[in-house]
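Structure below is entry.cif: mmCIF, C-alpha atoms.
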data_run
loop_
_atom_site.label_atom_id
_atom_site.label_comp_id
_atom_site.auth_asym_id
_atom_site.auth_seq_id
_atom_site.Cartn_x
_atom_site.Cartn_y
_atom_site.Cartn_z
CA MET S 810 -34.24 -42.78 69.35
CA ARG S 811 -35.12 -41.19 72.67
CA PHE S 812 -36.89 -37.83 72.66
CA THR S 813 -36.83 -35.40 75.55
CA THR S 814 -38.20 -31.93 75.89
CA SER S 815 -36.26 -29.10 77.50
CA ILE S 816 -37.54 -25.55 77.90
CA HIS S 817 -34.64 -23.09 77.91
CA THR S 818 -35.92 -20.74 80.59
CA HIS S 819 -32.52 -19.05 80.81
CA ARG S 820 -33.20 -17.64 77.34
CA LEU S 821 -36.21 -15.69 78.60
CA ALA S 822 -34.32 -12.41 78.98
CA PRO S 823 -35.63 -9.29 80.75
CA LEU S 824 -37.19 -7.68 77.67
CA ALA S 825 -39.17 -10.78 76.75
CA ALA S 826 -40.20 -11.29 80.37
CA VAL S 827 -41.49 -7.72 80.65
CA ALA S 828 -43.39 -8.01 77.37
CA THR S 829 -44.99 -11.29 78.44
CA GLY S 830 -45.88 -9.88 81.84
CA ALA S 831 -47.44 -6.77 80.34
CA LEU S 832 -49.43 -8.91 77.92
CA LEU S 833 -50.81 -11.09 80.70
CA VAL S 834 -51.71 -8.10 82.90
CA LEU S 835 -53.52 -6.29 80.12
CA PHE S 836 -55.20 -9.47 78.94
CA SER S 837 -56.60 -10.25 82.39
CA ALA S 838 -57.49 -6.64 83.20
CA ARG S 839 -59.42 -6.07 79.96
CA PRO S 840 -61.05 -9.33 78.84
CA ALA S 841 -63.21 -7.50 76.29
CA ALA S 842 -60.07 -6.36 74.47
CA ALA S 843 -59.00 -9.96 74.04
CA GLN S 844 -62.01 -10.99 71.94
CA ASP S 845 -60.06 -10.70 68.69
CA TRP S 846 -57.28 -13.01 69.83
CA GLN S 847 -56.48 -15.97 67.59
CA LEU S 848 -54.62 -19.22 68.19
CA GLY S 849 -52.57 -21.13 65.65
CA ALA S 850 -50.20 -24.09 65.48
CA VAL S 851 -47.77 -25.42 62.88
CA LEU S 852 -46.31 -28.92 62.65
CA ASP S 853 -43.14 -29.24 60.54
CA VAL S 854 -41.53 -32.66 60.09
CA ALA S 855 -38.98 -33.83 57.53
CA ALA S 856 -37.18 -37.02 56.60
CA SER S 857 -33.61 -36.42 55.40
CA SER S 858 -31.27 -38.95 53.82
CA ARG S 859 -28.30 -37.00 55.23
CA ALA S 860 -27.77 -33.89 57.31
CA LEU S 861 -26.30 -31.00 55.33
CA ALA S 862 -23.27 -28.99 56.40
CA LEU S 863 -24.46 -25.92 58.35
CA GLY S 864 -27.98 -27.36 58.07
CA GLN S 865 -30.80 -27.27 60.60
CA ARG S 866 -32.29 -30.68 59.71
CA GLU S 867 -31.04 -33.92 61.23
CA GLN S 868 -30.66 -37.21 59.39
CA GLY S 869 -33.74 -39.40 59.44
CA LEU S 870 -37.21 -38.35 60.53
CA ALA S 871 -37.05 -35.23 62.71
CA LEU S 872 -39.13 -32.32 63.95
CA GLY S 873 -38.46 -29.03 62.20
CA HIS S 874 -39.58 -25.54 63.18
CA SER S 875 -42.98 -26.20 64.78
CA ASP S 876 -44.79 -23.68 66.93
CA VAL S 877 -47.89 -22.58 68.80
CA THR S 878 -48.89 -18.92 68.47
CA ALA S 879 -51.40 -16.59 70.11
CA ARG S 880 -51.87 -13.12 68.62
CA GLY S 881 -54.35 -10.30 68.76
CA GLY S 882 -55.06 -6.84 70.08
CA LEU S 883 -54.82 -5.23 73.49
CA GLY S 884 -57.39 -2.52 73.10
CA SER S 885 -56.89 0.02 70.31
CA LEU S 886 -53.32 0.92 71.25
CA PHE S 887 -51.35 -2.33 71.00
CA GLY S 888 -51.11 -5.58 69.13
CA ALA S 889 -49.28 -8.54 70.66
CA GLN S 890 -48.01 -12.01 69.85
CA VAL S 891 -46.57 -14.93 71.80
CA THR S 892 -44.96 -17.91 70.04
CA VAL S 893 -43.47 -21.03 71.59
CA ALA S 894 -41.40 -23.01 69.08
CA ALA S 895 -39.98 -26.52 69.14
CA HIS S 896 -37.40 -28.28 66.98
CA GLN S 897 -35.17 -31.34 67.15
CA HIS S 898 -31.46 -30.95 67.98
CA ASP S 899 -29.02 -33.80 68.71
CA GLY S 900 -31.86 -36.28 69.05
CA LYS S 901 -33.79 -34.17 71.54
CA VAL S 902 -36.86 -31.98 71.07
CA GLU S 903 -36.08 -28.52 72.43
CA ALA S 904 -38.66 -25.81 73.03
CA GLU S 905 -38.17 -22.13 73.67
CA LEU S 906 -40.02 -18.83 73.73
CA GLU S 907 -39.46 -17.48 70.22
CA GLU S 908 -41.70 -14.41 70.28
CA ALA S 909 -43.29 -12.28 72.98
CA TRP S 910 -43.85 -8.73 71.80
CA LEU S 911 -46.07 -5.69 71.98
CA GLU S 912 -46.52 -3.44 68.95
CA THR S 913 -48.08 0.02 68.71
CA ARG S 914 -51.10 0.64 66.48
CA THR S 915 -51.73 4.38 66.76
CA LEU S 916 -48.42 6.27 66.60
CA PRO S 917 -48.55 9.34 64.33
CA PHE S 918 -46.45 10.24 61.25
CA GLY S 919 -46.20 6.66 59.96
CA LEU S 920 -44.27 5.43 63.01
CA GLN S 921 -44.60 1.99 64.59
CA ALA S 922 -42.73 0.55 67.58
CA ARG S 923 -42.27 -3.05 68.71
CA PHE S 924 -40.87 -4.17 72.05
CA GLY S 925 -39.98 -7.62 73.44
CA ARG S 926 -38.67 -10.73 71.67
CA PHE S 927 -39.10 -10.90 67.89
CA ALA S 928 -37.31 -11.69 64.63
CA SER S 929 -35.18 -9.02 63.01
CA GLN S 930 -36.57 -7.63 59.75
CA ILE S 931 -33.22 -7.71 57.92
CA GLY S 932 -32.93 -9.77 54.74
CA ALA S 933 -35.70 -11.09 52.52
CA ILE S 934 -37.02 -13.90 54.78
CA ASN S 935 -35.58 -13.59 58.29
CA ALA S 936 -38.79 -12.02 59.63
CA GLN S 937 -40.88 -15.05 58.68
CA HIS S 938 -40.85 -18.43 60.41
CA PRO S 939 -38.71 -21.08 58.64
CA HIS S 940 -41.70 -23.37 58.02
CA ALA S 941 -43.07 -20.65 55.69
CA ASP S 942 -40.00 -20.79 53.41
CA ASP S 943 -40.03 -22.10 49.84
CA PHE S 944 -37.24 -24.63 50.57
CA VAL S 945 -36.59 -27.20 53.29
CA GLU S 946 -33.37 -25.47 54.40
CA ARG S 947 -32.66 -21.76 54.39
CA PRO S 948 -29.83 -20.38 52.19
CA LEU S 949 -26.25 -20.66 53.45
CA LEU S 950 -26.31 -16.92 54.11
CA TYR S 951 -28.88 -17.33 56.89
CA ARG S 952 -27.53 -20.59 58.28
CA ALA S 953 -23.95 -19.33 58.51
CA PHE S 954 -24.41 -15.67 59.51
CA LEU S 955 -27.76 -15.49 61.35
CA GLY S 956 -28.21 -18.88 63.00
CA SER S 957 -30.86 -19.61 60.32
CA HIS S 958 -33.48 -17.40 62.03
CA TRP S 959 -32.29 -14.41 64.05
CA PHE S 960 -34.82 -13.54 66.74
CA ASP S 961 -33.76 -11.58 69.78
CA ASP S 962 -34.80 -9.37 72.71
CA GLY S 963 -34.99 -5.73 71.77
CA LEU S 964 -36.80 -2.68 70.49
CA ARG S 965 -37.80 -1.72 66.93
CA LEU S 966 -38.91 1.62 65.48
CA ASN S 967 -40.16 1.78 61.88
CA TRP S 968 -41.19 4.72 59.75
CA THR S 969 -43.30 4.26 56.62
CA ALA S 970 -43.07 7.23 54.27
CA PRO S 971 -46.26 8.79 52.79
CA THR S 972 -45.03 8.19 49.22
CA PRO S 973 -46.63 6.58 46.13
CA ILE S 974 -44.22 3.66 46.39
CA TYR S 975 -43.62 1.64 49.53
CA LEU S 976 -40.69 3.04 51.53
CA MET S 977 -39.88 1.89 55.07
CA LEU S 978 -36.93 2.82 57.26
CA GLY S 979 -36.30 0.79 60.42
CA ALA S 980 -33.98 0.70 63.41
CA GLU S 981 -33.63 -2.24 65.79
CA VAL S 982 -31.67 -2.56 69.02
CA PHE S 983 -30.98 -6.10 70.27
CA ARG S 984 -28.97 -8.16 72.73
CA GLY S 985 -27.28 -9.84 69.74
CA ARG S 986 -27.25 -13.26 71.42
CA GLN S 987 -27.55 -15.31 68.22
CA LEU S 988 -24.89 -13.39 66.32
CA ILE S 989 -22.29 -14.69 68.80
CA PRO S 990 -24.34 -17.00 71.06
CA GLU S 991 -21.36 -18.11 73.15
CA ALA S 992 -20.38 -14.52 73.94
CA GLU S 993 -18.90 -14.10 77.39
CA SER S 994 -19.49 -10.36 77.59
CA SER S 995 -21.08 -7.63 75.54
CA ARG S 996 -21.67 -3.94 75.48
CA SER S 997 -25.23 -2.75 75.78
CA PRO S 998 -26.89 -2.96 73.35
CA GLY S 999 -25.32 -6.07 71.81
CA ALA S 1000 -26.41 -5.36 68.23
CA ILE S 1001 -27.90 -2.50 66.24
CA ALA S 1002 -29.62 -3.08 62.89
CA LEU S 1003 -30.68 -0.41 60.39
CA SER S 1004 -32.81 -1.42 57.42
CA LEU S 1005 -34.53 0.02 54.37
CA LYS S 1006 -37.21 -1.60 52.23
CA THR S 1007 -38.83 -0.15 49.14
CA GLY S 1008 -41.06 -1.58 46.45
CA ALA S 1009 -44.02 -1.07 44.15
CA ASP S 1010 -46.35 -2.65 41.64
CA ILE S 1011 -45.78 -2.40 37.90
CA GLY S 1012 -49.16 -2.73 36.26
CA ARG S 1013 -51.36 -5.55 37.49
CA SER S 1014 -48.96 -8.43 36.92
CA HIS S 1015 -45.58 -7.32 38.28
CA SER S 1016 -44.29 -6.28 41.70
CA TRP S 1017 -40.85 -5.76 43.19
CA GLN S 1018 -39.14 -5.05 46.49
CA VAL S 1019 -35.56 -4.17 47.34
CA GLY S 1020 -34.02 -4.19 50.82
CA ALA S 1021 -30.76 -3.08 52.40
CA ALA S 1022 -29.56 -3.55 55.97
CA TRP S 1023 -26.53 -2.81 58.14
CA VAL S 1024 -25.81 -4.59 61.43
CA ASP S 1025 -23.36 -3.42 64.10
CA ASN S 1026 -22.46 -6.49 66.17
CA ARG S 1027 -21.00 -5.29 69.47
CA ARG S 1028 -20.64 -8.61 71.28
CA VAL S 1029 -17.31 -10.20 72.23
CA ALA S 1030 -16.82 -13.87 71.41
CA ALA S 1031 -16.15 -16.16 74.36
CA HIS S 1032 -13.27 -17.93 72.60
CA ASP S 1033 -11.30 -14.65 72.61
CA HIS S 1034 -11.51 -14.59 76.40
CA GLU S 1035 -10.82 -18.31 76.61
CA GLU S 1036 -7.62 -17.97 74.58
CA GLU S 1037 -6.39 -15.18 76.85
CA HIS S 1038 -7.39 -17.17 79.92
CA GLU S 1039 -5.57 -20.27 78.71
CA GLU S 1040 -2.41 -18.30 78.01
CA GLU S 1041 -2.43 -16.96 81.55
CA HIS S 1042 -3.65 -19.98 83.49
CA GLY S 1043 -3.08 -22.98 81.24
CA GLU S 1044 -5.31 -25.63 79.72
CA GLU S 1045 -6.09 -27.56 82.94
CA GLU S 1046 -8.10 -24.82 84.57
CA HIS S 1047 -10.09 -24.27 81.36
CA GLU S 1048 -10.91 -28.00 81.13
CA GLU S 1049 -12.05 -28.02 84.77
CA HIS S 1050 -14.24 -25.01 83.98
CA GLU S 1051 -15.98 -26.96 81.19
CA GLU S 1052 -16.37 -30.10 83.33
CA GLU S 1053 -18.24 -28.03 85.90
CA GLY S 1054 -20.92 -27.32 83.29
CA HIS S 1055 -19.75 -23.94 81.99
CA ASP S 1056 -19.15 -24.91 78.37
CA HIS S 1057 -20.17 -21.81 76.44
CA HIS S 1058 -21.04 -23.84 73.36
CA ASP S 1059 -23.94 -25.73 74.93
CA HIS S 1060 -27.15 -24.91 73.05
CA ALA S 1061 -25.27 -22.42 70.86
CA HIS S 1062 -27.56 -22.65 67.84
CA GLY S 1063 -26.58 -19.23 66.53
CA ALA S 1064 -24.31 -17.90 63.82
CA GLU S 1065 -21.33 -20.01 62.79
CA TYR S 1066 -19.38 -17.06 61.37
CA SER S 1067 -19.51 -13.58 62.90
CA GLY S 1068 -17.90 -10.19 62.72
CA GLY S 1069 -18.33 -6.61 63.79
CA ARG S 1070 -20.16 -5.28 60.72
CA MET S 1071 -22.65 -6.90 58.37
CA TRP S 1072 -24.17 -5.53 55.17
CA LEU S 1073 -27.13 -7.25 53.48
CA LEU S 1074 -28.86 -6.61 50.15
CA ASP S 1075 -31.96 -8.38 48.83
CA ALA S 1076 -34.22 -8.01 45.80
CA THR S 1077 -37.43 -9.81 44.89
CA TRP S 1078 -39.51 -9.70 41.71
CA LYS S 1079 -42.89 -11.36 41.28
CA TRP S 1080 -45.05 -11.95 38.24
CA ALA S 1081 -48.62 -13.22 38.24
CA PRO S 1082 -51.01 -12.91 35.27
CA ASP S 1083 -53.44 -10.06 36.05
CA GLY S 1084 -52.27 -10.19 39.67
CA ASN S 1085 -53.93 -13.56 40.32
CA ASN S 1086 -51.13 -15.26 42.26
CA ARG S 1087 -53.37 -18.11 43.40
CA GLU S 1088 -53.36 -19.61 39.92
CA ARG S 1089 -49.84 -18.87 38.68
CA GLN S 1090 -46.87 -16.92 40.01
CA LEU S 1091 -43.16 -16.59 39.36
CA ARG S 1092 -40.93 -15.44 42.24
CA VAL S 1093 -37.25 -14.53 41.86
CA THR S 1094 -35.16 -13.56 44.91
CA ALA S 1095 -31.49 -12.60 45.11
CA GLU S 1096 -29.56 -11.88 48.33
CA PHE S 1097 -26.01 -10.92 49.23
CA ALA S 1098 -24.26 -10.45 52.59
CA ARG S 1099 -20.79 -9.34 53.65
CA ILE S 1100 -19.26 -9.35 57.14
CA THR S 1101 -16.10 -7.42 58.07
CA ASP S 1102 -14.14 -6.66 61.27
CA LEU S 1103 -13.54 -10.35 61.93
CA GLY S 1104 -11.21 -10.00 64.87
CA GLU S 1105 -7.94 -8.74 66.29
CA HIS S 1106 -5.70 -10.24 63.59
CA ALA S 1107 -7.99 -9.59 60.63
CA THR S 1108 -6.93 -7.33 57.77
CA GLY S 1109 -9.09 -5.30 55.42
CA GLY S 1110 -9.21 -8.23 53.02
CA ASP S 1111 -10.51 -10.71 55.63
CA ARG S 1112 -14.28 -10.94 55.26
CA HIS S 1113 -17.18 -13.37 55.12
CA GLN S 1114 -19.41 -13.28 52.04
CA ALA S 1115 -22.47 -15.20 50.87
CA ALA S 1116 -25.06 -14.94 48.12
CA ALA S 1117 -28.21 -16.79 47.08
CA LEU S 1118 -30.49 -16.82 44.04
CA SER S 1119 -33.84 -18.65 44.01
CA VAL S 1120 -36.59 -19.05 41.42
CA VAL S 1121 -39.99 -20.53 42.34
CA TRP S 1122 -42.76 -21.14 39.79
CA ARG S 1123 -46.35 -21.84 40.83
CA PHE S 1124 -47.65 -23.51 37.67
CA ASP S 1125 -50.89 -24.75 39.24
CA PRO S 1126 -52.86 -23.63 42.32
CA ALA S 1127 -51.59 -26.70 44.20
CA TRP S 1128 -48.12 -27.17 42.71
CA GLU S 1129 -44.81 -25.28 42.84
CA VAL S 1130 -41.34 -26.07 41.56
CA GLY S 1131 -38.19 -24.19 42.53
CA VAL S 1132 -34.42 -24.05 42.19
CA ARG S 1133 -31.85 -22.29 44.33
CA THR S 1134 -28.11 -21.82 44.13
CA ASP S 1135 -25.97 -20.17 46.78
CA TRP S 1136 -22.35 -19.87 47.80
CA LEU S 1137 -20.43 -19.10 50.96
CA ARG S 1138 -16.87 -17.81 51.42
CA VAL S 1139 -15.48 -17.26 54.91
CA ARG S 1140 -12.21 -16.62 56.70
CA MET S 1141 -11.72 -18.84 59.72
CA PRO S 1142 -9.42 -17.67 62.54
CA HIS S 1143 -6.47 -19.84 63.56
CA GLU S 1144 -4.16 -18.25 66.16
CA ASP S 1145 -2.83 -15.07 64.51
CA HIS S 1146 -4.00 -15.75 60.95
CA PHE S 1147 -7.01 -16.94 58.95
CA HIS S 1148 -7.81 -19.96 56.79
CA ASP S 1149 -10.14 -19.98 53.79
CA GLY S 1150 -13.51 -21.66 53.93
CA ARG S 1151 -15.97 -22.01 51.09
CA LEU S 1152 -19.02 -23.97 50.03
CA ARG S 1153 -21.50 -24.04 47.15
CA GLU S 1154 -25.00 -25.48 47.39
CA HIS S 1155 -27.64 -26.26 44.76
CA ALA S 1156 -31.22 -27.29 45.53
CA VAL S 1157 -34.28 -28.24 43.50
CA MET S 1158 -37.70 -28.76 45.05
CA LEU S 1159 -41.23 -29.77 44.13
CA ALA S 1160 -44.08 -28.78 46.47
CA TRP S 1161 -47.69 -29.97 46.57
CA LYS S 1162 -50.13 -27.75 48.49
CA PRO S 1163 -53.54 -29.44 48.47
CA THR S 1164 -54.94 -26.92 50.97
CA HIS S 1165 -53.87 -23.55 52.33
CA GLY S 1166 -52.60 -25.18 55.53
CA GLN S 1167 -50.71 -28.14 54.04
CA THR S 1168 -47.44 -28.49 52.15
CA LEU S 1169 -45.67 -31.65 51.05
CA ARG S 1170 -42.23 -30.78 49.66
CA LEU S 1171 -39.59 -33.00 48.05
CA GLN S 1172 -36.12 -31.46 47.77
CA ALA S 1173 -32.74 -32.66 46.49
CA THR S 1174 -29.64 -30.72 47.58
CA THR S 1175 -26.01 -30.99 46.51
CA GLN S 1176 -23.04 -29.38 48.26
CA ARG S 1177 -19.78 -29.00 46.35
CA ASN S 1178 -16.51 -27.01 46.05
CA ALA S 1179 -16.11 -27.27 49.82
CA GLU S 1180 -13.00 -26.17 51.67
CA GLY S 1181 -12.44 -25.96 55.41
CA ILE S 1182 -16.09 -26.54 56.36
CA GLU S 1183 -16.89 -29.64 58.38
CA ASP S 1184 -19.21 -32.32 56.93
CA ALA S 1185 -19.52 -30.57 53.54
CA GLN S 1186 -19.51 -32.18 50.05
CA ARG S 1187 -22.82 -33.89 50.76
CA ARG S 1188 -25.95 -34.86 48.84
CA SER S 1189 -29.29 -35.07 50.59
CA VAL S 1190 -32.88 -35.87 49.64
CA GLN S 1191 -35.49 -34.44 52.00
CA LEU S 1192 -39.24 -34.93 52.25
CA GLN S 1193 -40.97 -32.25 54.32
CA TYR S 1194 -44.56 -32.01 55.55
CA VAL S 1195 -46.00 -28.81 57.03
CA LEU S 1196 -49.47 -28.72 58.58
CA SER S 1197 -50.96 -25.45 59.88
CA PHE S 1198 -53.94 -25.04 62.19
CA GLY S 1199 -55.78 -21.79 62.89
CA ALA S 1200 -54.21 -18.37 62.55
CA HIS S 1201 -50.62 -17.85 61.57
CA GLY S 1202 -48.46 -14.84 60.78
CA ALA S 1203 -48.34 -13.30 57.33
CA HIS S 1204 -45.47 -14.16 55.00
CA THR S 1205 -42.92 -11.56 53.96
CA PHE S 1206 -43.22 -9.92 50.52
#

Could I get this structure in the form of structure tokens?
Amino acid sequence: MRFTTSIHTHRLAPLAAVATGALLVLFSARPAAAQDWQLGAVLDVAASSRALALGQREQGLALGHSDVTARGGLGSLFGAQVTVAAHQHDGKVEAELEEAWLETRTLPFGLQARFGRFASQIGAINAQHPHADDFVERPLLYRAFLGSHWFDDGLRLNWTAPTPIYLMLGAEVFRGRQLIPEAESSRSPGAIALSLKTGADIGRSHSWQVGAAWVDNRRVAAHDHEEEHEEEHGEEEHEEHEEEGHDHHDHAHGAEYSGGRMWLLDATWKWAPDGNNRERQLRVTAEFARITDLGEHATGGDRHQAAALSVVWRFDPAWEVGVRTDWLRVRMPHEDHFHDGRLREHAVMLAWKPTHGQTLRLQATTQRNAEGIEDAQRRSVQLQYVLSFGAHGAHTF
């Protein structure tokens, strides 16, 4: 197999470019402020017996979500992070700028702002890098609706309430490029996300967190324009347009199923004896998502839905076992009507973590009850190895 590396510089949009430029200027102008900067790297490789439908892992030995990160402070006012990530796609290793953001440290009234390129905070795990997940592949919900890991160029404003329990309200404004990556045009901004997270501890052994999010996807899919264009000008001109290198689906690693509105709910409960989660811990997470406003010919009953339930048990400081079940139901457009699509997936995994920076995970996954989804009804066994060096971002709750 031949491996090549391609840096997608066209994905470095204005917001990320400005954030990176500001970081470099401040870093060079104030070297003393850069003393607390830390570097980290993560290598993620996996061997898969088969590629799963809607999956991010290729068959055979392949590079997963690996990255190099630099993060730290810019004086007392800002924190910053830059992450370059690499993964394997269609036999090639592709690299791109995944994060480049500035974040305030001193805003009053519990406010915090972030600007640049970063991952949206919707859902239970989208904000964390995929190599920090409990399973080799993310749930169908993320793979189908968010391109597995939705990071984008935009602005975030969060408010943390001064209450006894944790309560955070957030608003994010994005380009929305991964929600419909092959979009031919979009209003500005392309996507708006509102989120709420709340949680608390119950005694020393229990903790919980609940989240809710709403996403307004304002982008227009390219295939809508292509259909209109083909009706007016015929197929030949469209084919010539693709032959000239303008195929909108090149490098479209984003959401497979999109719509105008998305609602997400997530809930997590954790138990650890006396709060000592290093020795033993039980984690239970449930998520649900619904997408409506699917297109011109959609009715009120046409919607995408997905749910996931996972249970992970750390029974020894170095060992974890987990199970996950999730389902996906979608409506796929075909001319002036929609077809049903559905898929169920079950996974069981065993992870060995000999050190804080190493994970060796064995996972078996079964897909069943498939309809209308390409390459479904599969079984796959995957062996994943994750090795971390230096500093790396904190996990989500």

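For the set S:Arg1153, S:His1106, S:Arg965, S:Arg1092, the residue with the smallest atom-to-atom gap to S:Val1132 is S:Arg1092, counting all atoms listed in the file.
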
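Distance annotation: of S:Ala850, S:Ala855, S:Leu1073, S:Ala928, the residue with the minimal separation from S:Ala894 is S:Ala850; atom set is all atoms listed in the file.
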
TODO: Using the chain letters and residue numbers of this document, give as a PyMOL selection string the residues selected by the PyMOL selection byres ((chain S and resi 1107) around 12).
DONE: chain S and resi 1068-1069+1100-1106+1108-1113+1140-1148

- [ ] Could you please determine the separation between atom CA of S:Thr969 and atom CA of S:Gln921 in Å, to one decimal place?
- [x]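 Going from atom CA of S:Thr969 over to atom CA of S:Gln921 covers 8.4 Å.
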
Task: Distance of atom CA of S:Arg952 from atom CA of S:Val893, expressed in Å to one decimal place - done: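 So the answer is 20.8 Å.
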
Task: Nearest-residue call for S:Asn1085, choices S:Asp1125, S:Glu1183, S:Glu981, S:Glu1065, using only C-alpha atoms - done: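 Ranking S:Asp1125, S:Glu1183, S:Glu981, S:Glu1065 by distance to S:Asn1085, first place goes to S:Asp1125.
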
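Shortest separation to S:Phe887 among S:Ala1095, S:Ala1117, S:Ala922, S:Ala936 occurs at residue S:Ala922, atoms counted being all atoms listed in the file.
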
TODO: Enter the distance from atom CA of S:Gly869 to atom CA of S:Asp853, in Å, rounded to one decimal.
DONE: 13.9 Å

- [ ] Would you please work out which residue, of S:Leu1003, S:Val945, S:Ala1064, S:Ala1021, is nearest to S:Asn967 when using all atoms listed in the file?
- [x]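 The answer is S:Leu1003, which sits nearest to S:Asn967.
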
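Using all atoms listed in the file, the shortest contact distance between S:Glu907 and any of S:Val1130, S:Leu988, S:Ala1179, S:Val891 is found at S:Val891.
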
TODO: Using only C-alpha atoms, determine which residues lie at most 7 Å from S:Leu863, disregarding the query and same-chain residues fewer than 2 positions distant; provide the list as a list in words.
DONE: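 Final neighbour list, sorted by chain and number: Leu861, Gln865, Arg952 and Ala953 of chain S.
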
Nearby residues (all atoms listed in the file) at most 7 Å from S:Ala889, same-chain spacing under 5 positions excluded, as a PDB file with C-alpha atoms, in the coordinates of the input:
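Final output, out10.pdb:
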ATOM      1  CA  ARG S 880     -51.870 -13.120  68.620  1.00  0.00           C
ATOM      2  CA  GLY S 881     -54.350 -10.300  68.760  1.00  0.00           C
ATOM      3  CA  GLY S 882     -55.060  -6.840  70.080  1.00  0.00           C
ATOM      4  CA  TRP S 910     -43.850  -8.730  71.800  1.00  0.00           C
ATOM      5  CA  LEU S 911     -46.070  -5.690  71.980  1.00  0.00           C
ATOM      6  CA  GLU S 912     -46.520  -3.440  68.950  1.00  0.00           C
TER       7      GLU S 912
END

- [ ] Report as a ChimeraX atom specification the full result of the PyMOL selection byres ((chain S and resi 1079-1083) around 12) when it is applied to this structure.
- [x] /S:1008-1019,1076-1078,1084-1094,1119-1126,1206

Using the selection just defined, write its residues with C-alpha atoms as a PDB file, keeping the file's coordinate frame.
ATOM      1  CA  GLY S1008     -41.060  -1.580  46.450  1.00  0.00           C
ATOM      2  CA  ALA S1009     -44.020  -1.070  44.150  1.00  0.00           C
ATOM      3  CA  ASP S1010     -46.350  -2.650  41.640  1.00  0.00           C
ATOM      4  CA  ILE S1011     -45.780  -2.400  37.900  1.00  0.00           C
ATOM      5  CA  GLY S1012     -49.160  -2.730  36.260  1.00  0.00           C
ATOM      6  CA  ARG S1013     -51.360  -5.550  37.490  1.00  0.00           C
ATOM      7  CA  SER S1014     -48.960  -8.430  36.920  1.00  0.00           C
ATOM      8  CA  HIS S1015     -45.580  -7.320  38.280  1.00  0.00           C
ATOM      9  CA  SER S1016     -44.290  -6.280  41.700  1.00  0.00           C
ATOM     10  CA  TRP S1017     -40.850  -5.760  43.190  1.00  0.00           C
ATOM     11  CA  GLN S1018     -39.140  -5.050  46.490  1.00  0.00           C
ATOM     12  CA  VAL S1019     -35.560  -4.170  47.340  1.00  0.00           C
ATOM     13  CA  ALA S1076     -34.220  -8.010  45.800  1.00  0.00           C
ATOM     14  CA  THR S1077     -37.430  -9.810  44.890  1.00  0.00           C
ATOM     15  CA  TRP S1078     -39.510  -9.700  41.710  1.00  0.00           C
ATOM     16  CA  GLY S1084     -52.270 -10.190  39.670  1.00  0.00           C
ATOM     17  CA  ASN S1085     -53.930 -13.560  40.320  1.00  0.00           C
ATOM     18  CA  ASN S1086     -51.130 -15.260  42.260  1.00  0.00           C
ATOM     19  CA  ARG S1087     -53.370 -18.110  43.400  1.00  0.00           C
ATOM     20  CA  GLU S1088     -53.360 -19.610  39.920  1.00  0.00           C
ATOM     21  CA  ARG S1089     -49.840 -18.870  38.680  1.00  0.00           C
ATOM     22  CA  GLN S1090     -46.870 -16.920  40.010  1.00  0.00           C
ATOM     23  CA  LEU S1091     -43.160 -16.590  39.360  1.00  0.00           C
ATOM     24  CA  ARG S1092     -40.930 -15.440  42.240  1.00  0.00           C
ATOM     25  CA  VAL S1093     -37.250 -14.530  41.860  1.00  0.00           C
ATOM     26  CA  THR S1094     -35.160 -13.560  44.910  1.00  0.00           C
ATOM     27  CA  SER S1119     -33.840 -18.650  44.010  1.00  0.00           C
ATOM     28  CA  VAL S1120     -36.590 -19.050  41.420  1.00  0.00           C
ATOM     29  CA  VAL S1121     -39.990 -20.530  42.340  1.00  0.00           C
ATOM     30  CA  TRP S1122     -42.760 -21.140  39.790  1.00  0.00           C
ATOM     31  CA  ARG S1123     -46.350 -21.840  40.830  1.00  0.00           C
ATOM     32  CA  PHE S1124     -47.650 -23.510  37.670  1.00  0.00           C
ATOM     33  CA  ASP S1125     -50.890 -24.750  39.240  1.00  0.00           C
ATOM     34  CA  PRO S1126     -52.860 -23.630  42.320  1.00  0.00           C
ATOM     35  CA  PHE S1206     -43.220  -9.920  50.520  1.00  0.00           C
TER      36      PHE S1206
END

Open item on the list: Could you tell me, as a ChimeraX atom specification, exactly which residues end up selected when the PyMOL selection byres ((chain S and resi 1201) around 12) is applied to this structure?
Closed with: /S:846-852,875-881,890-892,937-938,940-941,1165-1166,1196-1200,1202-1204

File dump, residues just selected, C-alpha atoms, as a short mmCIF file (atom, residue, chain, number, x, y, z; two decimals), keeping the file's coordinate frame:
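As a result, result.cif now contains:
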data_model
loop_
_atom_site.label_atom_id
_atom_site.label_comp_id
_atom_site.auth_asym_id
_atom_site.auth_seq_id
_atom_site.Cartn_x
_atom_site.Cartn_y
_atom_site.Cartn_z
CA TRP S 846 -57.28 -13.01 69.83
CA GLN S 847 -56.48 -15.97 67.59
CA LEU S 848 -54.62 -19.22 68.19
CA GLY S 849 -52.57 -21.13 65.65
CA ALA S 850 -50.20 -24.09 65.48
CA VAL S 851 -47.77 -25.42 62.88
CA LEU S 852 -46.31 -28.92 62.65
CA SER S 875 -42.98 -26.20 64.78
CA ASP S 876 -44.79 -23.68 66.93
CA VAL S 877 -47.89 -22.58 68.80
CA THR S 878 -48.89 -18.92 68.47
CA ALA S 879 -51.40 -16.59 70.11
CA ARG S 880 -51.87 -13.12 68.62
CA GLY S 881 -54.35 -10.30 68.76
CA GLN S 890 -48.01 -12.01 69.85
CA VAL S 891 -46.57 -14.93 71.80
CA THR S 892 -44.96 -17.91 70.04
CA GLN S 937 -40.88 -15.05 58.68
CA HIS S 938 -40.85 -18.43 60.41
CA HIS S 940 -41.70 -23.37 58.02
CA ALA S 941 -43.07 -20.65 55.69
CA HIS S 1165 -53.87 -23.55 52.33
CA GLY S 1166 -52.60 -25.18 55.53
CA LEU S 1196 -49.47 -28.72 58.58
CA SER S 1197 -50.96 -25.45 59.88
CA PHE S 1198 -53.94 -25.04 62.19
CA GLY S 1199 -55.78 -21.79 62.89
CA ALA S 1200 -54.21 -18.37 62.55
CA GLY S 1202 -48.46 -14.84 60.78
CA ALA S 1203 -48.34 -13.30 57.33
CA HIS S 1204 -45.47 -14.16 55.00
#
